[in-house]
file run18.pdb (PDB, C-alpha atoms)
ATOM      1  CA  ARG A   1      74.880 155.570 105.622
ATOM      2  CA  ALA A   2      74.256 153.144 108.421
ATOM      3  CA  VAL A   3      77.327 152.362 110.484
ATOM      4  CA  ILE A   4      77.694 148.742 111.649
ATOM      5  CA  ASP A   5      79.066 148.272 115.127
ATOM      6  CA  GLN A   6      81.700 145.556 114.618
ATOM      7  CA  ARG A   7      81.707 144.688 118.320
ATOM      8  CA  HIS A   8      78.219 143.153 118.055
ATOM      9  CA  THR A   9      78.579 141.399 114.694
ATOM     10  CA  ASN A  10      78.653 137.597 114.926
ATOM     11  CA  MET A  11      78.791 134.969 112.239
ATOM     12  CA  ALA A  12      77.607 131.409 112.876
ATOM     13  CA  ARG A  13      79.353 128.591 111.049
ATOM     14  CA  PHE A  14      78.350 124.939 110.915
ATOM     15  CA  SER A  15      79.900 121.996 109.119
ATOM     16  CA  PRO A  16      78.198 118.590 108.939
ATOM     17  CA  TYR A  17      81.592 116.947 108.481
ATOM     18  CA  ASP A  18      84.515 116.062 110.719
ATOM     19  CA  LEU A  19      87.826 114.367 109.974
ATOM     20  CA  ASN A  20      88.373 111.568 112.471
ATOM     21  CA  GLY A  21      91.784 110.422 111.266
ATOM     22  CA  GLY A  22      93.190 106.946 110.840
ATOM     23  CA  THR A  23      95.107 105.243 108.055
ATOM     24  CA  CYS A  24      94.338 102.180 105.925
ATOM     25  CA  ILE A  25      96.459 100.155 103.493
ATOM     26  CA  ALA A  26      95.709  97.408 100.956
ATOM     27  CA  ILE A  27      98.203  95.277  98.988
ATOM     28  CA  ALA A  28      97.373  92.780  96.232
ATOM     29  CA  GLY A  29      99.513  89.669  95.817
ATOM     30  CA  GLU A  30      99.496  86.806  93.337
ATOM     31  CA  ASN A  31      97.224  84.644  95.511
ATOM     32  CA  TYR A  32      96.482  86.834  98.516
ATOM     33  CA  CYS A  33      95.346  90.314  99.507
ATOM     34  CA  ILE A  34      96.226  92.254 102.654
ATOM     35  CA  VAL A  35      93.981  94.937 104.181
ATOM     36  CA  ALA A  36      95.095  96.864 107.266
ATOM     37  CA  ALA A  37      93.736  99.866 109.174
ATOM     38  CA  SER A  38      94.505 101.671 112.421
ATOM     39  CA  THR A  39      91.944 101.690 115.236
ATOM     40  CA  ARG A  40      92.358 105.201 116.713
ATOM     41  CA  LEU A  41      89.365 107.553 116.356
ATOM     42  CA  SER A  42      90.140 111.236 116.963
ATOM     43  CA  THR A  43      88.743 114.710 116.579
ATOM     44  CA  GLY A  44      91.017 117.723 116.775
ATOM     45  CA  PHE A  45      93.570 116.955 119.472
ATOM     46  CA  SER A  46      91.311 114.547 121.365
ATOM     47  CA  ILE A  47      91.227 110.741 121.131
ATOM     48  CA  LEU A  48      87.618 109.525 121.184
ATOM     49  CA  THR A  49      88.410 105.814 121.301
ATOM     50  CA  SER A  50      91.401 103.564 120.706
ATOM     51  CA  ASP A  51      89.400 100.569 119.458
ATOM     52  CA  LYS A  52      87.310 101.580 116.440
ATOM     53  CA  SER A  53      87.497  99.309 113.397
ATOM     54  CA  MET A  54      87.651 100.992 109.988
ATOM     55  CA  ILE A  55      87.200  97.735 108.044
ATOM     56  CA  LEU A  56      83.950  96.180 106.805
ATOM     57  CA  GLN A  57      83.985  92.449 106.040
ATOM     58  CA  VAL A  58      81.617  92.086 103.081
ATOM     59  CA  ASN A  59      82.357  88.368 102.734
ATOM     60  CA  LYS A  60      85.344  86.022 102.957
ATOM     61  CA  LYS A  61      86.873  87.370  99.738
ATOM     62  CA  CYS A  62      86.136  91.089  99.948
ATOM     63  CA  LEU A  63      86.851  93.797 102.540
ATOM     64  CA  ILE A  64      86.310  97.562 102.533
ATOM     65  CA  ALA A  65      88.485  99.941 104.542
ATOM     66  CA  SER A  66      87.284 103.523 105.007
ATOM     67  CA  ALA A  67      89.063 106.574 106.405
ATOM     68  CA  GLY A  68      87.558 110.009 106.986
ATOM     69  CA  PHE A  69      84.393 110.993 108.883
ATOM     70  CA  ASP A  70      83.203 108.225 111.216
ATOM     71  CA  GLY A  71      79.502 109.126 110.936
ATOM     72  CA  ASP A  72      79.530 108.806 107.145
ATOM     73  CA  ARG A  73      81.676 105.675 107.363
ATOM     74  CA  SER A  74      79.135 103.970 109.634
ATOM     75  CA  GLN A  75      76.254 104.917 107.335
ATOM     76  CA  LEU A  76      78.133 103.843 104.208
ATOM     77  CA  HIS A  77      79.013 100.469 105.735
ATOM     78  CA  LYS A  78      75.352  99.912 106.699
ATOM     79  CA  VAL A  79      74.225 100.652 103.138
ATOM     80  CA  LEU A  80      76.864  98.364 101.628
ATOM     81  CA  THR A  81      76.041  95.555 104.062
ATOM     82  CA  PHE A  82      72.342  95.758 103.176
ATOM     83  CA  ARG A  83      72.994  95.791  99.435
ATOM     84  CA  SER A  84      75.520  92.939  99.522
ATOM     85  CA  GLU A  85      73.120  90.778 101.579
ATOM     86  CA  ASN A  86      70.301  91.642  99.181
ATOM     87  CA  TYR A  87      72.511  90.596  96.254
ATOM     88  CA  GLU A  88      73.330  87.308  97.985
ATOM     89  CA  HIS A  89      69.643  86.523  98.589
ATOM     90  CA  PHE A  90      68.727  87.175  94.941
ATOM     91  CA  HIS A  91      71.721  85.512  93.252
ATOM     92  CA  LYS A  92      72.399  82.710  95.762
ATOM     93  CA  LYS A  93      76.109  83.559  95.913
ATOM     94  CA  PRO A  94      78.290  86.195  97.625
ATOM     95  CA  MET A  95      79.184  89.335  95.711
ATOM     96  CA  SER A  96      82.596  89.188  94.025
ATOM     97  CA  CYS A  97      85.253  91.786  94.767
ATOM     98  CA  PRO A  98      85.049  93.469  91.304
ATOM     99  CA  ALA A  99      81.235  93.638  91.599
ATOM    100  CA  MET A 100      81.494  95.118  95.084
ATOM    101  CA  ALA A 101      84.035  97.648  93.830
ATOM    102  CA  GLN A 102      81.602  98.824  91.139
ATOM    103  CA  MET A 103      78.709  99.020  93.579
ATOM    104  CA  LEU A 104      80.794 101.060  96.032
ATOM    105  CA  GLY A 105      81.675 103.495  93.250
ATOM    106  CA  ASN A 106      77.988 103.807  92.268
ATOM    107  CA  THR A 107      76.940 104.346  95.900
ATOM    108  CA  LEU A 108      79.477 107.125  96.400
ATOM    109  CA  TYR A 109      78.637 108.794  93.079
ATOM    110  CA  TYR A 110      74.904 108.772  93.872
ATOM    111  CA  LYS A 111      75.693 110.971  96.894
ATOM    112  CA  ARG A 112      78.073 113.289  95.022
ATOM    113  CA  PHE A 113      76.120 116.494  95.791
ATOM    114  CA  PHE A 114      76.248 115.817  99.532
ATOM    115  CA  PRO A 115      78.989 113.170  99.588
ATOM    116  CA  TYR A 116      79.976 110.608 102.137
ATOM    117  CA  TYR A 117      83.141 112.173 103.551
ATOM    118  CA  THR A 118      85.048 108.897 103.376
ATOM    119  CA  PHE A 119      88.090 107.737 101.445
ATOM    120  CA  ASN A 120      87.812 104.055 100.670
ATOM    121  CA  LEU A 121      89.728 100.973  99.630
ATOM    122  CA  CYS A 122      87.955  97.873  98.334
ATOM    123  CA  ALA A 123      90.201  94.813  98.373
ATOM    124  CA  GLY A 124      89.928  91.066  97.955
ATOM    125  CA  LEU A 125      90.371  88.302  95.389
ATOM    126  CA  ASP A 126      89.088  88.411  91.809
ATOM    127  CA  SER A 127      87.555  85.534  89.834
ATOM    128  CA  GLU A 128      91.036  84.171  89.053
ATOM    129  CA  GLY A 129      92.061  84.118  92.712
ATOM    130  CA  ARG A 130      94.500  87.034  92.336
ATOM    131  CA  GLY A 131      94.644  89.981  94.694
ATOM    132  CA  ALA A 132      92.634  93.062  93.694
ATOM    133  CA  VAL A 133      92.742  96.560  95.220
ATOM    134  CA  TYR A 134      90.460  99.438  94.205
ATOM    135  CA  THR A 135      91.113 102.964  95.463
ATOM    136  CA  TYR A 136      88.499 105.757  95.590
ATOM    137  CA  ASP A 137      87.972 109.439  96.080
ATOM    138  CA  ALA A 138      84.968 110.769  98.023
ATOM    139  CA  ILE A 139      82.582 110.794  95.029
ATOM    140  CA  GLY A 140      83.260 107.354  93.604
ATOM    141  CA  SER A 141      86.031 107.767  91.026
ATOM    142  CA  HIS A 142      88.119 104.617  91.313
ATOM    143  CA  GLU A 143      90.726 102.441  89.650
ATOM    144  CA  ARG A 144      92.257  99.029  90.183
ATOM    145  CA  VAL A 145      95.816  99.197  91.507
ATOM    146  CA  GLY A 146      98.350  96.851  93.047
ATOM    147  CA  TYR A 147      98.427  98.695  96.359
ATOM    148  CA  SER A 148      97.096 101.871  97.883
ATOM    149  CA  CYS A 149      96.526 103.736 101.135
ATOM    150  CA  GLN A 150      94.047 106.305 102.434
ATOM    151  CA  GLY A 151      93.633 108.472 105.509
ATOM    152  CA  SER A 152      95.580 110.921 107.613
ATOM    153  CA  GLY A 153      98.869 109.027 107.242
ATOM    154  CA  LYS A 154      98.642 108.650 103.470
ATOM    155  CA  ASP A 155     101.426 111.125 102.687
ATOM    156  CA  LEU A 156     103.762 109.238 105.011
ATOM    157  CA  VAL A 157     102.837 105.693 103.953
ATOM    158  CA  GLN A 158     102.543 106.037 100.165
ATOM    159  CA  PRO A 159     106.279 106.711  99.572
ATOM    160  CA  VAL A 160     107.150 103.602 101.608
ATOM    161  CA  LEU A 161     104.814 101.466  99.500
ATOM    162  CA  ASP A 162     106.104 103.004  96.253
ATOM    163  CA  ASN A 163     109.673 102.217  97.281
ATOM    164  CA  GLN A 164     109.025  98.647  98.381
ATOM    165  CA  LEU A 165     106.375  97.490  95.884
ATOM    166  CA  LYS A 166     107.359  99.313  92.666
ATOM    167  CA  ALA A 167     104.155  99.506  90.637
ATOM    168  CA  PRO A 168     104.506  99.281  86.825
ATOM    169  CA  SER A 169     104.498 102.542  84.889
ATOM    170  CA  ILE A 170     101.118 103.788  83.671
ATOM    171  CA  LEU A 171     102.813 104.474  80.310
ATOM    172  CA  GLU A 172     103.430 100.765  79.632
ATOM    173  CA  LEU A 173     101.438  99.300  76.742
ATOM    174  CA  PRO A 174      99.514  97.138  76.956
ATOM    175  CA  PRO A 175      98.606  98.147  80.539
ATOM    176  CA  ARG A 176      98.903  95.399  83.119
ATOM    177  CA  VAL A 177      97.436  94.882  86.567
ATOM    178  CA  ALA A 178      99.959  95.647  89.293
ATOM    179  CA  ILE A 179     100.534  92.569  91.449
ATOM    180  CA  THR A 180     103.379  92.677  93.939
ATOM    181  CA  SER A 181     106.025  89.984  93.668
ATOM    182  CA  LEU A 182     106.530  89.965  97.441
ATOM    183  CA  THR A 183     105.578  86.878  99.382
ATOM    184  CA  LYS A 184     102.713  87.115 101.843
ATOM    185  CA  LYS A 185     105.129  87.258 104.778
ATOM    186  CA  GLU A 186     107.197  90.050 103.177
ATOM    187  CA  ALA A 187     104.068  92.067 102.351
ATOM    188  CA  ILE A 188     102.777  91.783 105.924
ATOM    189  CA  GLN A 189     106.146  92.960 107.208
ATOM    190  CA  THR A 190     106.029  95.944 104.822
ATOM    191  CA  VAL A 191     102.589  96.898 106.173
ATOM    192  CA  LYS A 192     103.860  96.699 109.761
ATOM    193  CA  ILE A 193     106.888  98.885 108.967
ATOM    194  CA  ALA A 194     104.702 101.460 107.192
ATOM    195  CA  PHE A 195     102.275 101.735 110.119
ATOM    196  CA  SER A 196     105.063 101.897 112.684
ATOM    197  CA  ALA A 197     106.650 104.784 110.776
ATOM    198  CA  ALA A 198     103.321 106.608 110.348
ATOM    199  CA  SER A 199     102.446 106.305 114.046
ATOM    200  CA  GLU A 200     105.694 108.090 114.963
ATOM    201  CA  ARG A 201     104.771 111.151 112.881
ATOM    202  CA  ASP A 202     100.967 111.249 112.564
ATOM    203  CA  ILE A 203      99.029 111.922 115.769
ATOM    204  CA  TYR A 204      95.854 110.431 114.247
ATOM    205  CA  THR A 205      97.422 107.007 113.566
ATOM    206  CA  GLY A 206      98.099 104.877 116.613
ATOM    207  CA  ASP A 207      96.945 102.478 119.346
ATOM    208  CA  ALA A 208      96.699  99.381 117.116
ATOM    209  CA  VAL A 209      96.396  98.071 113.565
ATOM    210  CA  GLU A 210      94.012  95.397 112.309
ATOM    211  CA  ILE A 211      95.700  93.319 109.585
ATOM    212  CA  PHE A 212      93.476  91.029 107.496
ATOM    213  CA  VAL A 213      94.933  88.499 105.054
ATOM    214  CA  ILE A 214      92.561  87.140 102.393
ATOM    215  CA  GLU A 215      93.431  83.872 100.658
ATOM    216  CA  GLU A 216      91.430  81.447  98.530
ATOM    217  CA  GLU A 217      90.527  79.205 101.441
ATOM    218  CA  SER A 218      90.905  81.459 104.463
ATOM    219  CA  LEU A 219      90.550  84.906 106.012
ATOM    220  CA  SER A 220      92.867  85.634 108.944
ATOM    221  CA  LYS A 221      93.240  88.606 111.272
ATOM    222  CA  GLU A 222      96.178  89.925 113.281
ATOM    223  CA  ILE A 223      96.454  92.860 115.699
ATOM    224  CA  LEU A 224      99.657  94.937 115.771
ATOM    225  CA  PRO A 225     100.031  97.286 118.784
ATOM    226  CA  LEU A 226     101.207 100.835 118.027
ATOM    227  CA  ARG A 227     102.010 103.933 120.082
ATOM    228  CA  LYS A 228      99.364 104.796 122.651
ATOM    229  CA  ASP A 229     100.218 108.507 122.925
TER     230      ASP A 229
END
call {"tool": "encode", "arguments": {"input": "run18.pdb", "output": "structure tokens"}}
result
Amino acid sequence: RAVIDQRHTNMARFSPYDLNGGTCIAIAGENYCIVAASTRLSTGFSILTSDKSMILQVNKKCLIASAGFDGDRSQLHKVLTFRSENYEHFHKKPMSCPAMAQMLGNTLYYKRFFPYYTFNLCAGLDSEGRGAVYTYDAIGSHERVGYSCQGSGKDLVQPVLDNQLKAPSILELPPRVAITSLTKKEAIQTVKIAFSAASERDIYTGDAVEIFVIEEESLSKEILPLRKD
């Protein structure tokens, strides 16, 4: 039998994916929707940049926040931008949030055998002017919820949101859409508290948070500074 010299045996490994960290949150209210995401971009124990937006503004009533691999996020946002603009040219109106949510799910599912390594939230206002949040896995499975979060700080942020926002039980019949009873000001404060807590314990969440507030007549943006280390 041939004897293999273990000293000269090498194995090459390559992965097309990376996990660049960051955390994003979305909360649906009765007449508003809040989308927030951190701006730190990392790999391993290195910070690549402190000012990288994770949020795509589709139109004034729909935003998409994506955590995960920055290369796939950039490509996904380019595809969604092209398709939403194409829709607007053909139909002479911007794409609604529920329509965008379905298209995002289809786009992710189409790539399921070599998926976009991104974890997304689609949020905005529905046709009735109520807040809508859709949460996704990497291959397009999604559902409408009252609030959700994605990214490296998800395990830290989700319990805070569950405690403060109290979604209805999935066992309730008939099922109802979860809309928080908090005022816009209270919901924004909850988002700030959640990110401040996550930045103390998650090295991939920090530097700053972009907070977008979508309302029927306006779209506003606020920057919240976080830890820089």
call {"tool": "residues_around", "arguments": {"input": "run18.pdb", "residues": "Cys122 in chain A", "least_positions_apart": "2", "cutoff": "9 Å", "atoms": "all atoms listed in the file", "output": "PyMOL selection string"}}
result
chain A and resi 26+35+62-66+97-98+100-101+104+120+124+132-136
call {"tool": "write_last_selection", "arguments": {"input": "run18.pdb", "atoms": "C-alpha atoms", "output": "PDB file, in the coordinates of the input"}}
result
ATOM      1  CA  ALA A  26      95.709  97.408 100.956  1.00  0.00           C
ATOM      2  CA  VAL A  35      93.981  94.937 104.181  1.00  0.00           C
ATOM      3  CA  CYS A  62      86.136  91.089  99.948  1.00  0.00           C
ATOM      4  CA  LEU A  63      86.851  93.797 102.540  1.00  0.00           C
ATOM      5  CA  ILE A  64      86.310  97.562 102.533  1.00  0.00           C
ATOM      6  CA  ALA A  65      88.485  99.941 104.542  1.00  0.00           C
ATOM      7  CA  SER A  66      87.284 103.523 105.007  1.00  0.00           C
ATOM      8  CA  CYS A  97      85.253  91.786  94.767  1.00  0.00           C
ATOM      9  CA  PRO A  98      85.049  93.469  91.304  1.00  0.00           C
ATOM     10  CA  MET A 100      81.494  95.118  95.084  1.00  0.00           C
ATOM     11  CA  ALA A 101      84.035  97.648  93.830  1.00  0.00           C
ATOM     12  CA  LEU A 104      80.794 101.060  96.032  1.00  0.00           C
ATOM     13  CA  ASN A 120      87.812 104.055 100.670  1.00  0.00           C
ATOM     14  CA  GLY A 124      89.928  91.066  97.955  1.00  0.00           C
ATOM     15  CA  ALA A 132      92.634  93.062  93.694  1.00  0.00           C
ATOM     16  CA  VAL A 133      92.742  96.560  95.220  1.00  0.00           C
ATOM     17  CA  TYR A 134      90.460  99.438  94.205  1.00  0.00           C
ATOM     18  CA  THR A 135      91.113 102.964  95.463  1.00  0.00           C
ATOM     19  CA  TYR A 136      88.499 105.757  95.590  1.00  0.00           C
TER      20      TYR A 136
END
call {"tool": "closest_residue", "arguments": {"input": "run18.pdb", "among": "A:Pro115, A:Gly71, A:Gly44, A:Gly29", "to": "Ala138 in chain A", "atoms": "only C-alpha atoms"}}
result
A:Pro115
call {"tool": "resolve_selection", "arguments": {"input": "run18.pdb", "expression": "the PyMOL selection byres ((chain A and resi 23) around 7)", "output": "VMD selection string"}}
result
chain A and resid 21 to 22 24 to 25 37 to 38 67 150 to 154 205
call {"tool": "closest_residue", "arguments": {"input": "run18.pdb", "among": "A:Leu108, A:Leu19, A:Leu182, A:Leu226", "to": "Gly206 in chain A", "atoms": "all atoms listed in the file"}}
result
A:Leu226
call {"tool": "resolve_selection", "arguments": {"input": "run18.pdb", "expression": "the PyMOL selection byres ((chain A and resi 194-197) around 8)", "output": "mmCIF file with C-alpha atoms, in the coordinates of the input"}}
result
data_model
loop_
_atom_site.group_PDB
_atom_site.id
_atom_site.type_symbol
_atom_site.label_atom_id
_atom_site.label_comp_id
_atom_site.auth_asym_id
_atom_site.auth_seq_id
_atom_site.Cartn_x
_atom_site.Cartn_y
_atom_site.Cartn_z
ATOM 1 C CA LEU A 156 103.762 109.238 105.011
ATOM 2 C CA VAL A 157 102.837 105.693 103.953
ATOM 3 C CA VAL A 160 107.150 103.602 101.608
ATOM 4 C CA LEU A 161 104.814 101.466 99.500
ATOM 5 C CA THR A 190 106.029 95.944 104.822
ATOM 6 C CA VAL A 191 102.589 96.898 106.173
ATOM 7 C CA LYS A 192 103.860 96.699 109.761
ATOM 8 C CA ILE A 193 106.888 98.885 108.967
ATOM 9 C CA ALA A 198 103.321 106.608 110.348
ATOM 10 C CA SER A 199 102.446 106.305 114.046
ATOM 11 C CA GLU A 200 105.694 108.090 114.963
ATOM 12 C CA ARG A 201 104.771 111.151 112.881
ATOM 13 C CA THR A 205 97.422 107.007 113.566
ATOM 14 C CA VAL A 209 96.396 98.071 113.565
ATOM 15 C CA LEU A 226 101.207 100.835 118.027
#
call {"tool": "resolve_selection", "arguments": {"input": "run18.pdb", "expression": "the PyMOL selection byres ((chain A and resi 73) around 10)", "output": "ChimeraX atom specification"}}
result
/A:54-56,65-72,74-79,116-120
call {"tool": "axis_aligned_box", "arguments": {"input": "run18.pdb", "around": "range 10-23 of chain A", "padding_each_side": "3 Å", "output": "AutoDock Vina command-line options"}}
result
--center_x 86.4 --center_y 121.4 --center_z 111.5 --size_x 23.5 --size_y 38.4 --size_z 12.9
call {"tool": "closest_residue", "arguments": {"input": "run18.pdb", "among": "A:Ala36, A:Leu165, A:Ile47, A:Ala178", "to": "Ile223 in chain A", "atoms": "all atoms listed in the file"}}
result
A:Ala36
call {"tool": "closest_residue", "arguments": {"input": "run18.pdb", "among": "A:Ala208, A:Leu219, A:Cys149, A:Ala28", "to": "Val58 in chain A", "atoms": "all atoms listed in the file"}}
result
A:Leu219
